[in-house]
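In what follows, a single structure is set out as structure tokens and then discussed.
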Amino acid sequence: MEINKNSFEKEVINEKGLVLVDFYADWCAPCMMLKQSLQEIEKSHKIKICKINVDNEPELAVKFGVSSIPHVIFYKDGKKYDGFLGYHTTEEIEKIIKKIGE
């Protein structure tokens with residue numbers, strides 16, 4: 001789900017459970033590789049995935065200190081929990097999800 005500064009609070013902060021926020025850009029090759037992993041994660045886990053295009057939402061990128069992409073931040077019950085930079089495999093992301101707990 002693509003979100004923006006107007007929908008961030010509703011879709012991430014007010015959401016119960018685990019939310020993965022993916023800061024990306026269409027021109028970013030590692031972002032496109034990560035997209036495949038996130039699609040697999042979405043199929044096999046109870047996790048909401050929100051995508052923020054940094055080219056369209058520079059204010060959100062600055063607000064969250066995104067200086068390189070892909071940049072992923074996990075939220076659980078509206079609170080920032082964990083995150084990572086760069087491409088990660090499906091297995092690596094699943095380890096983080098297991099650590100956080102769905």
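FYI, nothing fancy with the structure tokens labels: chains A, B, ... in order, residues from 1 per chain, ligands from 1 as they appear.
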
Any idea what's packed within 8 Å of segment 74-89 of chain A, counting only C-alpha atoms, ignoring anything in its chain fewer than 5 positions away? Could you give it as a PyMOL selection string? chain A and resi 12-21+30-31+33-34+37+68-69+100

Saved selection, atoms kept: all heavy atoms, as a short mmCIF file (atom, residue, chain, number, x, y, z; two decimals), in the first residue's frame:
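Written out: out33.cif:
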```cif
data_model
loop_
_atom_site.label_atom_id
_atom_site.label_comp_id
_atom_site.auth_asym_id
_atom_site.auth_seq_id
_atom_site.Cartn_x
_atom_site.Cartn_y
_atom_site.Cartn_z
N VAL A 12 -0.16 3.85 9.76
CA VAL A 12 0.97 3.29 10.52
C VAL A 12 0.80 3.50 12.02
O VAL A 12 0.76 2.53 12.78
CB VAL A 12 2.31 3.92 10.04
CG1 VAL A 12 3.48 3.37 10.85
CG2 VAL A 12 2.52 3.66 8.55
N ILE A 13 0.70 4.73 12.45
CA ILE A 13 0.66 5.04 13.89
C ILE A 13 -0.60 4.51 14.56
O ILE A 13 -0.54 3.98 15.67
CB ILE A 13 0.80 6.57 14.12
CG1 ILE A 13 2.09 7.09 13.48
CG2 ILE A 13 0.73 6.90 15.60
CD1 ILE A 13 3.37 6.44 13.98
N ASN A 14 -1.74 4.61 13.90
CA ASN A 14 -3.00 4.17 14.49
C ASN A 14 -3.30 2.69 14.26
O ASN A 14 -4.34 2.20 14.68
CB ASN A 14 -4.17 5.01 13.97
CG ASN A 14 -4.06 6.45 14.40
OD1 ASN A 14 -3.40 6.78 15.38
ND2 ASN A 14 -4.69 7.34 13.67
N GLU A 15 -2.42 2.00 13.60
CA GLU A 15 -2.62 0.59 13.25
C GLU A 15 -2.21 -0.33 14.40
O GLU A 15 -1.15 -0.14 15.00
CB GLU A 15 -1.81 0.25 12.00
CG GLU A 15 -2.08 -1.09 11.43
CD GLU A 15 -3.42 -1.21 10.72
OE1 GLU A 15 -4.00 -0.19 10.32
OE2 GLU A 15 -3.87 -2.35 10.56
N LYS A 16 -3.03 -1.31 14.70
CA LYS A 16 -2.67 -2.33 15.68
C LYS A 16 -1.90 -3.44 14.97
O LYS A 16 -2.20 -3.78 13.83
CB LYS A 16 -3.93 -2.92 16.33
CG LYS A 16 -4.69 -1.92 17.16
CD LYS A 16 -3.92 -1.53 18.38
CE LYS A 16 -4.68 -0.54 19.23
NZ LYS A 16 -3.82 0.30 20.01
N GLY A 17 -0.93 -3.99 15.64
CA GLY A 17 -0.13 -5.06 15.05
C GLY A 17 1.12 -4.53 14.40
O GLY A 17 1.56 -3.41 14.63
N LEU A 18 1.71 -5.36 13.56
CA LEU A 18 3.01 -5.07 12.95
C LEU A 18 2.84 -4.41 11.59
O LEU A 18 2.07 -4.88 10.75
CB LEU A 18 3.80 -6.37 12.81
CG LEU A 18 5.26 -6.28 12.44
CD1 LEU A 18 6.04 -5.42 13.44
CD2 LEU A 18 5.88 -7.67 12.38
N VAL A 19 3.55 -3.30 11.40
CA VAL A 19 3.55 -2.57 10.13
C VAL A 19 4.99 -2.38 9.69
O VAL A 19 5.83 -1.96 10.46
CB VAL A 19 2.86 -1.19 10.26
CG1 VAL A 19 2.89 -0.45 8.93
CG2 VAL A 19 1.44 -1.33 10.77
N LEU A 20 5.25 -2.70 8.44
CA LEU A 20 6.57 -2.49 7.84
C LEU A 20 6.44 -1.29 6.90
O LEU A 20 5.56 -1.27 6.04
CB LEU A 20 6.98 -3.74 7.07
CG LEU A 20 8.35 -3.74 6.38
CD1 LEU A 20 8.86 -5.17 6.26
CD2 LEU A 20 8.31 -3.10 5.02
N VAL A 21 7.28 -0.28 7.10
CA VAL A 21 7.28 0.90 6.24
C VAL A 21 8.55 0.86 5.39
O VAL A 21 9.65 0.85 5.92
CB VAL A 21 7.21 2.20 7.07
CG1 VAL A 21 7.23 3.41 6.16
CG2 VAL A 21 5.98 2.20 7.97
N PRO A 30 18.27 -1.82 -5.71
CA PRO A 30 18.07 -2.62 -4.49
C PRO A 30 16.63 -2.54 -3.96
O PRO A 30 16.12 -3.51 -3.39
CB PRO A 30 19.05 -2.01 -3.49
CG PRO A 30 20.10 -1.37 -4.32
CD PRO A 30 19.38 -0.87 -5.54
N CYS A 31 15.96 -1.40 -4.19
CA CYS A 31 14.56 -1.26 -3.77
C CYS A 31 13.67 -2.23 -4.54
O CYS A 31 12.75 -2.82 -3.98
CB CYS A 31 14.06 0.17 -3.99
SG CYS A 31 14.92 1.43 -3.03
N MET A 33 14.64 -5.05 -5.85
CA MET A 33 14.95 -6.40 -5.36
C MET A 33 14.22 -6.65 -4.04
O MET A 33 13.66 -7.73 -3.83
CB MET A 33 16.46 -6.56 -5.18
CG MET A 33 17.23 -6.55 -6.48
SD MET A 33 19.04 -6.41 -6.25
CE MET A 33 19.38 -7.69 -5.08
N LEU A 34 14.22 -5.65 -3.17
CA LEU A 34 13.54 -5.78 -1.88
C LEU A 34 12.04 -5.95 -2.07
O LEU A 34 11.40 -6.68 -1.31
CB LEU A 34 13.83 -4.56 -1.00
CG LEU A 34 13.21 -4.58 0.40
CD1 LEU A 34 13.76 -5.75 1.22
CD2 LEU A 34 13.46 -3.26 1.11
N SER A 37 11.07 -9.54 -2.07
CA SER A 37 11.09 -10.13 -0.73
C SER A 37 9.87 -9.70 0.07
O SER A 37 9.25 -10.51 0.77
CB SER A 37 12.36 -9.70 0.02
OG SER A 37 13.51 -10.22 -0.59
N SER A 68 19.53 7.01 2.83
CA SER A 68 19.81 6.04 1.78
C SER A 68 18.63 5.08 1.72
O SER A 68 17.89 4.91 2.70
CB SER A 68 21.11 5.29 2.04
OG SER A 68 21.04 4.54 3.22
N ILE A 69 18.46 4.48 0.56
CA ILE A 69 17.33 3.57 0.36
C ILE A 69 17.82 2.28 -0.27
O ILE A 69 18.88 2.28 -0.89
CB ILE A 69 16.23 4.22 -0.52
CG1 ILE A 69 16.83 4.77 -1.82
CG2 ILE A 69 15.48 5.28 0.24
CD1 ILE A 69 15.82 5.32 -2.80
N ILE A 100 10.56 -9.53 16.60
CA ILE A 100 9.58 -8.54 17.04
C ILE A 100 8.30 -9.23 17.51
O ILE A 100 7.72 -8.85 18.50
CB ILE A 100 9.24 -7.56 15.89
CG1 ILE A 100 10.48 -6.77 15.47
CG2 ILE A 100 8.12 -6.61 16.30
CD1 ILE A 100 10.29 -5.95 14.21
#
```

Where in chain A does DSSP assign strand (DSSP E or B), given as a list in words?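 Here are the strand (DSSP E or B) residues of chain A: Glu2, Leu18, Val19, Leu20, Val21, Asp22, Phe23, Tyr24, Lys48, Ile49, Cys50, Lys51, Ile52, Asn53, His71, Val72, Ile73, Phe74, Tyr75, Lys76, Lys79, Lys80, Tyr81, Asp82, Gly83, Phe84 and Leu85 of chain A.
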
So that I can check the secondary structure, give me every residue of chain A assigned alpha helix (DSSP H) by backbone DSSP, as number ranges by chain. A: 8, 29-44, 58-63, 90-100

Selection file, C-alpha atoms, as an mmCIF file, in the first residue's frame:
```cif
data_model
loop_
_atom_site.group_PDB
_atom_site.id
_atom_site.type_symbol
_atom_site.label_atom_id
_atom_site.label_comp_id
_atom_site.auth_asym_id
_atom_site.auth_seq_id
_atom_site.Cartn_x
_atom_site.Cartn_y
_atom_site.Cartn_z
ATOM 1 C CA PHE A 8 0.934 8.023 7.521
ATOM 2 C CA ALA A 29 17.686 -1.265 -8.072
ATOM 3 C CA PRO A 30 18.069 -2.619 -4.490
ATOM 4 C CA CYS A 31 14.561 -1.255 -3.765
ATOM 5 C CA MET A 32 13.157 -3.290 -6.647
ATOM 6 C CA MET A 33 14.950 -6.395 -5.364
ATOM 7 C CA LEU A 34 13.539 -5.777 -1.880
ATOM 8 C CA LYS A 35 10.055 -5.434 -3.365
ATOM 9 C CA GLN A 36 10.122 -9.146 -4.279
ATOM 10 C CA SER A 37 11.093 -10.125 -0.728
ATOM 11 C CA LEU A 38 8.339 -7.927 0.723
ATOM 12 C CA GLN A 39 5.740 -9.515 -1.558
ATOM 13 C CA GLU A 40 6.743 -12.944 -0.225
ATOM 14 C CA ILE A 41 6.610 -11.660 3.372
ATOM 15 C CA GLU A 42 3.146 -10.189 2.823
ATOM 16 C CA LYS A 43 1.834 -13.551 1.597
ATOM 17 C CA SER A 44 3.165 -15.565 4.522
ATOM 18 C CA PRO A 58 10.691 14.116 0.710
ATOM 19 C CA GLU A 59 9.246 15.583 3.929
ATOM 20 C CA LEU A 60 8.632 12.105 5.353
ATOM 21 C CA ALA A 61 12.092 10.972 4.295
ATOM 22 C CA VAL A 62 13.668 13.911 6.155
ATOM 23 C CA LYS A 63 11.399 13.443 9.185
ATOM 24 C CA THR A 90 13.123 -12.794 2.673
ATOM 25 C CA GLU A 91 14.808 -15.020 5.269
ATOM 26 C CA GLU A 92 16.615 -12.085 6.894
ATOM 27 C CA ILE A 93 13.378 -10.100 7.115
ATOM 28 C CA GLU A 94 11.558 -13.110 8.576
ATOM 29 C CA LYS A 95 14.173 -13.284 11.362
ATOM 30 C CA ILE A 96 13.454 -9.657 12.264
ATOM 31 C CA ILE A 97 9.704 -10.306 12.231
ATOM 32 C CA LYS A 98 10.172 -13.349 14.470
ATOM 33 C CA LYS A 99 12.246 -11.267 16.896
ATOM 34 C CA ILE A 100 9.576 -8.539 17.035
#
```

Calculate how many Å separate atom CA of Asn56 of chain A from atom CA of Asp26 of chain A, rounding to one decimal. 10.4 Å

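The neighbours of segment 51-53 of chain A here are the residues that come within 8 Å of it, using only C-alpha atoms and leaving out any residue fewer than 5 positions away in the same chain; they are A:Met1, A:Glu2, A:Ile3, A:Asn4, A:Val21, A:Asp22, A:Phe23, A:Tyr24, A:Ala25, A:Asp26.
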
Export N, CA and C atoms of the chosen residues as a tab-separated table (two decimals), in the first residue's frame?
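Written output follows (selection24.tsv):
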```tsv
chain	number	residue	atom	x	y	z
A	1	MET	N	0.84	-1.17	0.00
A	1	MET	CA	0.00	0.00	0.00
A	1	MET	C	0.89	1.24	0.00
A	2	GLU	N	0.68	2.11	-0.95
A	2	GLU	CA	1.42	3.37	-1.04
A	2	GLU	C	0.78	4.38	-0.09
A	3	ILE	N	1.60	5.00	0.74
A	3	ILE	CA	1.07	6.01	1.66
A	3	ILE	C	1.84	7.31	1.50
A	4	ASN	N	1.32	8.38	2.11
A	4	ASN	CA	1.96	9.69	2.04
A	4	ASN	C	1.85	10.37	3.40
A	21	VAL	N	7.28	-0.28	7.10
A	21	VAL	CA	7.28	0.90	6.24
A	21	VAL	C	8.55	0.86	5.39
A	22	ASP	N	8.34	0.84	4.09
A	22	ASP	CA	9.44	0.74	3.12
A	22	ASP	C	9.61	2.07	2.40
A	23	PHE	N	10.72	2.77	2.69
A	23	PHE	CA	11.08	3.99	1.97
A	23	PHE	C	11.87	3.56	0.74
A	24	TYR	N	11.42	3.97	-0.44
A	24	TYR	CA	12.01	3.48	-1.68
A	24	TYR	C	11.93	4.56	-2.77
A	25	ALA	N	12.50	4.25	-3.92
A	25	ALA	CA	12.34	5.06	-5.14
A	25	ALA	C	12.27	4.11	-6.32
A	26	ASP	N	11.54	4.52	-7.34
A	26	ASP	CA	11.37	3.66	-8.52
A	26	ASP	C	12.67	3.39	-9.27
```

One-decimal distance in Å that lies between atom CA of Lys10 of chain A and atom CA of His45 of chain A: 21.0 Å

From the set A:Lys46, A:Glu9, A:Phe64, A:Pro70, which residue has the shortest atom-to-atom contact distance to Trp27 of chain A, counting only C-alpha atoms? A:Pro70
